[in-house]
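J.: Sharing start.cif here; it has mmCIF, C-alpha atoms.
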```cif
data_protein
loop_
_atom_site.label_atom_id
_atom_site.label_comp_id
_atom_site.auth_asym_id
_atom_site.auth_seq_id
_atom_site.Cartn_x
_atom_site.Cartn_y
_atom_site.Cartn_z
CA LYS A 1 -0.10 11.29 -31.79
CA ASN A 2 0.80 8.02 -30.11
CA GLU A 3 0.32 4.86 -32.12
CA VAL A 4 -1.46 3.30 -29.14
CA GLU A 5 -4.01 5.35 -27.21
CA GLN A 6 -5.78 4.27 -24.05
CA SER A 7 -8.83 5.72 -22.38
CA PRO A 8 -9.55 6.72 -19.79
CA GLN A 9 -6.17 7.62 -18.30
CA ASN A 10 -7.58 7.41 -14.79
CA LEU A 11 -10.63 5.56 -13.55
CA THR A 12 -12.17 5.32 -10.10
CA ALA A 13 -14.89 2.76 -9.48
CA GLN A 14 -16.87 1.39 -6.58
CA GLU A 15 -16.48 -2.24 -5.64
CA GLY A 16 -18.79 -4.42 -7.69
CA GLU A 17 -18.99 -2.10 -10.70
CA PHE A 18 -18.45 -3.24 -14.29
CA ILE A 19 -15.34 -1.58 -15.71
CA THR A 20 -14.28 -0.98 -19.30
CA ILE A 21 -10.86 0.22 -20.44
CA ASN A 22 -10.36 1.05 -24.11
CA CYS A 23 -7.37 0.82 -26.44
CA SER A 24 -7.17 2.23 -29.97
CA TYR A 25 -4.24 1.85 -32.30
CA SER A 26 -3.31 3.34 -35.65
CA VAL A 27 -0.95 0.72 -37.07
CA GLY A 28 -1.32 -2.74 -38.53
CA ILE A 29 -0.84 -5.33 -35.85
CA SER A 30 -0.47 -9.07 -35.53
CA ALA A 31 -1.41 -9.23 -31.84
CA LEU A 32 -2.51 -7.07 -28.93
CA HIS A 33 -1.58 -7.59 -25.29
CA TRP A 34 -3.26 -6.46 -22.10
CA LEU A 35 -0.90 -6.15 -19.14
CA GLN A 36 -1.42 -5.41 -15.45
CA GLN A 37 1.00 -3.50 -13.23
CA HIS A 38 0.40 -3.13 -9.50
CA PRO A 39 1.91 -0.05 -7.79
CA GLY A 40 5.63 -0.57 -7.37
CA GLY A 41 5.27 -4.00 -8.86
CA GLY A 42 6.17 -5.95 -11.91
CA ILE A 43 4.17 -6.37 -15.07
CA VAL A 44 1.95 -9.37 -15.65
CA SER A 45 0.55 -10.41 -19.00
CA LEU A 46 -3.24 -10.83 -18.84
CA PHE A 47 -4.19 -11.55 -22.44
CA MET A 48 -2.79 -11.81 -25.91
CA LEU A 49 -5.38 -11.36 -28.67
CA SER A 50 -5.31 -11.49 -32.42
CA SER A 51 -9.07 -11.72 -32.95
CA GLY A 52 -12.37 -12.09 -31.14
CA LYS A 53 -12.65 -12.38 -27.39
CA LYS A 54 -10.91 -14.03 -24.46
CA LYS A 55 -12.09 -14.54 -20.88
CA HIS A 56 -10.19 -15.36 -17.72
CA GLY A 57 -12.11 -15.28 -14.48
CA ARG A 58 -13.68 -11.81 -14.14
CA LEU A 59 -11.59 -10.36 -16.96
CA ILE A 60 -12.76 -10.22 -20.58
CA ALA A 61 -10.77 -8.84 -23.50
CA THR A 62 -12.15 -8.14 -26.94
CA ILE A 63 -10.60 -6.90 -30.15
CA ASN A 64 -12.05 -5.51 -33.39
CA ILE A 65 -9.31 -5.65 -35.99
CA GLN A 66 -11.28 -3.68 -38.60
CA GLU A 67 -11.92 -0.81 -36.17
CA LYS A 68 -8.42 -1.08 -34.61
CA HIS A 69 -9.89 -1.15 -31.14
CA SER A 70 -9.73 -3.37 -28.09
CA SER A 71 -11.49 -3.30 -24.74
CA LEU A 72 -10.68 -4.83 -21.39
CA HIS A 73 -13.66 -5.46 -19.14
CA ILE A 74 -13.64 -6.28 -15.45
CA THR A 75 -16.84 -7.68 -14.01
CA ALA A 76 -17.72 -7.40 -10.29
CA SER A 77 -14.67 -5.24 -9.65
CA HIS A 78 -12.75 -5.60 -6.39
CA PRO A 79 -10.18 -3.38 -4.64
CA ARG A 80 -7.47 -5.92 -5.52
CA ASP A 81 -8.10 -5.05 -9.19
CA SER A 82 -6.59 -1.62 -8.50
CA ALA A 83 -3.59 -1.37 -10.80
CA VAL A 84 -2.36 0.17 -14.03
CA TYR A 85 -3.66 -1.64 -17.10
CA ILE A 86 -1.47 -1.36 -20.17
CA CYS A 87 -2.33 -2.08 -23.79
CA ALA A 88 0.53 -3.09 -26.10
CA VAL A 89 0.52 -4.03 -29.78
CA ARG A 90 2.87 -6.10 -31.89
CA LEU A 91 3.42 -4.61 -35.32
CA ASN A 92 2.44 -6.56 -38.38
CA TYR A 93 5.47 -5.89 -40.55
CA GLY A 94 6.68 -9.45 -40.70
CA GLY A 95 9.92 -8.84 -38.88
CA ALA A 96 11.76 -11.52 -36.96
CA THR A 97 11.35 -9.72 -33.66
CA ASN A 98 8.38 -9.56 -31.32
CA LYS A 99 8.74 -5.92 -30.33
CA LEU A 100 5.76 -4.25 -28.71
CA ILE A 101 4.49 -0.66 -28.75
CA PHE A 102 2.91 0.32 -25.45
CA GLY A 103 0.10 2.62 -24.44
CA THR A 104 0.61 4.90 -21.45
CA GLY A 105 -1.69 2.86 -19.25
CA THR A 106 -4.97 3.33 -17.39
CA LEU A 107 -4.75 3.80 -13.63
CA LEU A 108 -7.69 2.01 -12.02
CA ALA A 109 -8.68 2.51 -8.40
CA VAL A 110 -11.51 0.37 -7.03
CA GLN A 111 -12.87 1.67 -3.76
CA PRO A 112 -14.55 -0.60 -1.19
CA ASN B 1 9.36 -20.55 -10.09
CA ALA B 2 10.08 -20.20 -13.78
CA GLY B 3 10.25 -16.68 -15.07
CA VAL B 4 12.40 -13.62 -15.57
CA THR B 5 14.66 -12.58 -12.70
CA GLN B 6 16.02 -9.05 -12.47
CA THR B 7 18.58 -7.72 -10.04
CA PRO B 8 18.94 -5.38 -8.26
CA LYS B 9 15.42 -4.13 -7.42
CA PHE B 10 16.63 -0.67 -6.43
CA ARG B 11 19.83 1.28 -7.03
CA ILE B 12 21.05 4.82 -6.56
CA LEU B 13 23.95 5.90 -8.77
CA LYS B 14 25.99 9.04 -8.85
CA ILE B 15 26.42 10.89 -12.15
CA GLY B 16 29.24 9.32 -14.13
CA GLN B 17 29.14 5.94 -12.37
CA SER B 18 28.54 2.72 -14.25
CA MET B 19 26.51 -0.35 -13.41
CA THR B 20 25.06 -3.53 -14.87
CA LEU B 21 21.43 -4.55 -14.51
CA GLN B 22 21.14 -8.30 -14.53
CA CYS B 23 18.39 -10.28 -16.23
CA ALA B 24 18.02 -14.04 -16.41
CA GLN B 25 15.24 -16.29 -17.68
CA ASP B 26 14.84 -20.04 -17.33
CA MET B 27 12.15 -20.66 -19.94
CA ASN B 28 14.54 -21.17 -22.86
CA HIS B 29 13.05 -18.12 -24.59
CA ASN B 30 14.77 -16.92 -27.74
CA TYR B 31 13.78 -13.28 -27.46
CA MET B 32 14.79 -10.94 -24.67
CA TYR B 33 14.17 -7.22 -24.24
CA TRP B 34 15.08 -4.28 -22.07
CA TYR B 35 12.51 -1.53 -21.56
CA ARG B 36 12.46 1.63 -19.55
CA GLN B 37 9.32 3.11 -18.02
CA ASP B 38 9.11 6.82 -17.33
CA PRO B 39 6.17 8.54 -15.60
CA GLY B 40 3.28 9.23 -17.99
CA MET B 41 4.99 7.40 -20.84
CA GLY B 42 4.58 3.98 -22.36
CA LEU B 43 7.43 1.52 -22.00
CA LYS B 44 10.21 2.24 -24.46
CA LEU B 45 12.46 -0.44 -25.92
CA ILE B 46 16.17 0.04 -25.21
CA TYR B 47 17.73 -3.09 -26.70
CA TYR B 48 16.55 -6.51 -27.73
CA SER B 49 18.03 -9.88 -28.63
CA VAL B 50 16.66 -12.64 -30.85
CA GLY B 51 19.12 -15.24 -29.59
CA ALA B 52 22.53 -15.82 -28.06
CA GLY B 53 25.15 -13.67 -29.72
CA ILE B 54 22.61 -11.41 -31.47
CA THR B 55 21.54 -8.01 -30.16
CA ASP B 56 20.07 -4.90 -31.72
CA LYS B 57 19.08 -1.38 -30.77
CA GLY B 58 15.56 -0.38 -29.85
CA GLU B 59 14.00 3.07 -29.69
CA VAL B 60 16.20 4.59 -26.94
CA PRO B 61 19.63 2.86 -26.92
CA ASN B 62 21.89 5.83 -26.22
CA GLY B 63 23.88 5.46 -23.00
CA TYR B 64 23.33 1.71 -22.77
CA ASN B 65 24.97 -1.49 -23.94
CA VAL B 66 23.95 -5.12 -23.85
CA SER B 67 25.40 -8.56 -24.47
CA ARG B 68 23.83 -11.98 -24.91
CA SER B 69 26.46 -14.67 -24.43
CA THR B 70 23.91 -17.30 -23.35
CA THR B 71 20.21 -17.91 -23.99
CA GLU B 72 19.47 -17.33 -20.30
CA ASP B 73 21.22 -14.03 -19.56
CA PHE B 74 20.78 -10.55 -21.01
CA PRO B 75 22.57 -7.91 -18.90
CA LEU B 76 22.12 -4.18 -19.51
CA ARG B 77 25.16 -1.96 -18.98
CA LEU B 78 24.90 1.72 -18.13
CA GLU B 79 28.10 3.65 -18.78
CA LEU B 80 28.57 7.16 -17.38
CA ALA B 81 25.17 7.38 -15.71
CA ALA B 82 23.17 10.58 -16.27
CA PRO B 83 20.06 11.94 -14.49
CA SER B 84 18.07 11.26 -17.70
CA GLN B 85 18.58 7.55 -17.04
CA THR B 86 16.55 7.73 -13.83
CA SER B 87 13.73 5.33 -14.61
CA VAL B 88 12.26 1.92 -13.92
CA TYR B 89 13.83 -0.77 -16.08
CA PHE B 90 12.06 -3.95 -17.11
CA CYS B 91 13.54 -7.00 -18.71
CA ALA B 92 11.21 -9.28 -20.66
CA SER B 93 11.37 -12.43 -22.72
CA SER B 94 9.22 -14.21 -25.26
CA THR B 95 9.39 -17.04 -27.70
CA ARG B 96 8.07 -17.75 -31.14
CA ASP B 97 7.23 -21.03 -32.78
CA ARG B 98 6.13 -21.32 -36.41
CA GLY B 99 5.11 -17.66 -36.44
CA LEU B 100 3.13 -17.82 -33.21
CA VAL B 101 4.34 -15.53 -30.41
CA TYR B 102 3.73 -16.66 -26.88
CA GLY B 103 5.07 -16.56 -23.40
CA TYR B 104 5.71 -12.82 -23.08
CA THR B 105 7.04 -12.54 -19.51
CA PHE B 106 8.33 -9.54 -17.60
CA GLY B 107 10.74 -9.26 -14.72
CA SER B 108 9.79 -7.38 -11.54
CA GLY B 109 11.72 -4.25 -12.50
CA THR B 110 14.74 -2.26 -11.33
CA ARG B 111 14.14 1.24 -9.98
CA LEU B 112 17.23 3.31 -10.78
CA THR B 113 17.89 6.82 -9.54
CA VAL B 114 20.87 8.84 -10.81
CA VAL B 115 21.84 11.78 -8.59
#
```
Reformat the file's structure so that it appears as structure tokens.
T.:
Amino acid sequence: KNEVEQSPQNLTAQEGEFITINCSYSVGISALHWLQQHPGGGIVSLFMLSSGKKKHGRLIATINIQEKHSSLHITASHPRDSAVYICAVRLNYGGATNKLIFGTGTLLAVQP
Amino acid sequence: NAGVTQTPKFRILKIGQSMTLQCAQDMNHNYMYWYRQDPGMGLKLIYYSVGAGITDKGEVPNGYNVSRSTTEDFPLRLELAAPSQTSVYFCASSTRDRGLVYGYTFGSGTRLTVV
């Protein structure tokens, strides 16, 4: 079992829909990242969370440390939101490094 | 623009050839990383560095080598390329100040095919 699990693996939505992508993890963490990767493109960091909720434009990320779960929400989705969304966690073992463990990603397609 | 610059973007290698993937960052980040991304898999850490002159192995280091002679540059060397090294490679950097991690930045990736 992977230490970081995302669901769903694939998601198709109509433009304007509210979208939720979930991330569950089984290890102790000090932070969780949400990343965006467009087809054939690089990876962009969207959020880094250690507690609570963050919002940037139409994107909202939440985390529940006790339940080891995070969600990424997209409001009023648009075709340009089509991308792979990746959840990554930083382990909480107090090491000097900032290594991340990655989920396998959620492929989102927003149709006009 | 500030960020992480990777070259080349694409490369085809023959089995047994060698090459170096270049990575440079201009944000004065202490930490640098090399990841590979295979279809259906999460990114896997190959090597990382916590500062100039210091490198260490990640999850999948076999067949690769790195060096970190300056804060800015972190090249990844592939010796004796094998088909199993066909992948997309990402370089990343981050920094840490008084326990707070920030600035995690990725390069645009290098798509490598070994034939």
J.: Could you work out which residues of chain B fall inside 6 Å of chain A? Count all atoms listed in the file, and format the result as a short mmCIF file (atom, residue, chain, number, x, y, z; two decimals) with C-alpha atoms, keeping the file's coordinate frame.
T.:
```
data_model
loop_
_atom_site.label_atom_id
_atom_site.label_comp_id
_atom_site.auth_asym_id
_atom_site.auth_seq_id
_atom_site.Cartn_x
_atom_site.Cartn_y
_atom_site.Cartn_z
CA MET B 41 4.99 7.40 -20.84
CA GLY B 42 4.58 3.98 -22.36
CA LEU B 43 7.43 1.52 -22.00
CA PHE B 106 8.33 -9.54 -17.60
CA SER B 108 9.79 -7.38 -11.54
CA GLY B 109 11.72 -4.25 -12.50
#
```
J.: Between CA of Lys44 in chain B and CA of Pro8 in chain A, what is the spacing in Å?
T.: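 Result for CA of Pro8 in chain A versus CA of Lys44 in chain B: 20.8 Å, one decimal.
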J.: So which residues touch Lys14 in chain B within 9 Å, counting all atoms listed in the file, skipping near sequence neighbours fewer than 6 positions away, as an MDAnalysis selection string?
T.: chainID B and resid 81:83 113:115
J.: Identify all residues satisfying the PyMOL selection byres ((chain B and resi 64-73) around 8) in the given file; provide them as a list in words.
T.: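 With the shown file as input, the PyMOL selection byres ((chain B and resi 64-73) around 8) matches Gln22, Cys23, Ala24, Gln25, Asp26, Asn28, His29, Asn30, Ile46, Tyr47, Ser49, Gly51, Ala52, Gly53, Ile54, Thr55, Pro61, Asn62, Gly63, Phe74, Pro75, Leu76, Arg77, Leu78 and Glu79 of chain B.
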J.: Can you measure CA of Ile65 in chain A to CA of Ala109 in chain A for me? One decimal in Å is fine.
T.: 28.8 Å
J.: Enumerate, as a PyMOL selection string, the residues matched when the PyMOL selection byres ((chain A and resi 11) around 10) is run on the file above.
T.: chain A and resi 7-10+12-13+19-21+82+84+106-110
J.: Of the candidates A:Leu46, A:Gln36, A:Ser77, A:Gln6, which one gets nearest to Asn22 in chain A if we count all atoms listed in the file?
T.: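 That would be A:Gln6, the residue with the smallest distance to Asn22 in chain A.
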J.: Apply the PyMOL selection byres ((chain A and resi 15) around 7) to the displayed file and report the matching residues as a list of chain:residue names.
T.: A:Ala13, A:Gln14, A:Gly16, A:Glu17, A:Ser77, A:His78, A:Pro79, A:Val110, A:Gln111, A:Pro112
J.: Suppose we keep C-alpha atoms; can you now write the selection as a compact mmCIF listing (two decimals), in the coordinates of the input?
T.:
```txt
# COMPACT_ATOMS: atom_id res chain seq x y z
CA ALA A 13 -14.89 2.76 -9.48
CA GLN A 14 -16.87 1.39 -6.58
CA GLY A 16 -18.79 -4.42 -7.69
CA GLU A 17 -18.99 -2.10 -10.70
CA SER A 77 -14.67 -5.24 -9.65
CA HIS A 78 -12.75 -5.60 -6.39
CA PRO A 79 -10.18 -3.38 -4.64
CA VAL A 110 -11.51 0.37 -7.03
CA GLN A 111 -12.87 1.67 -3.76
CA PRO A 112 -14.55 -0.60 -1.19
```
J.: Go through A:Cys23, A:Leu72, A:Phe47, A:Pro39 and flag the residue nearest Tyr102 in chain B, using all atoms listed in the file for the distances.
T.: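 Of all the options, A:Phe47 lies closest to Tyr102 in chain B.
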J.: By how many Å are CA of Thr110 in chain B and CA of Tyr33 in chain B apart?
T.: 13.8 Å
J.: Taking all atoms listed in the file into account, name the residue in A:Val89, A:Val27, A:Ile74, A:Gln66 that is nearest to Leu49 in chain A.
T.: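 Looking at the shortest contact to Leu49 in chain A, the residue is A:Val89.
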J.: Point out the residue among A:Gly28, A:Leu91, A:His73, A:His38 with the least atom-to-atom distance to Lys54 in chain A, counting all atoms listed in the file.
T.: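 Result for the nearest residue to Lys54 in chain A: A:His73.
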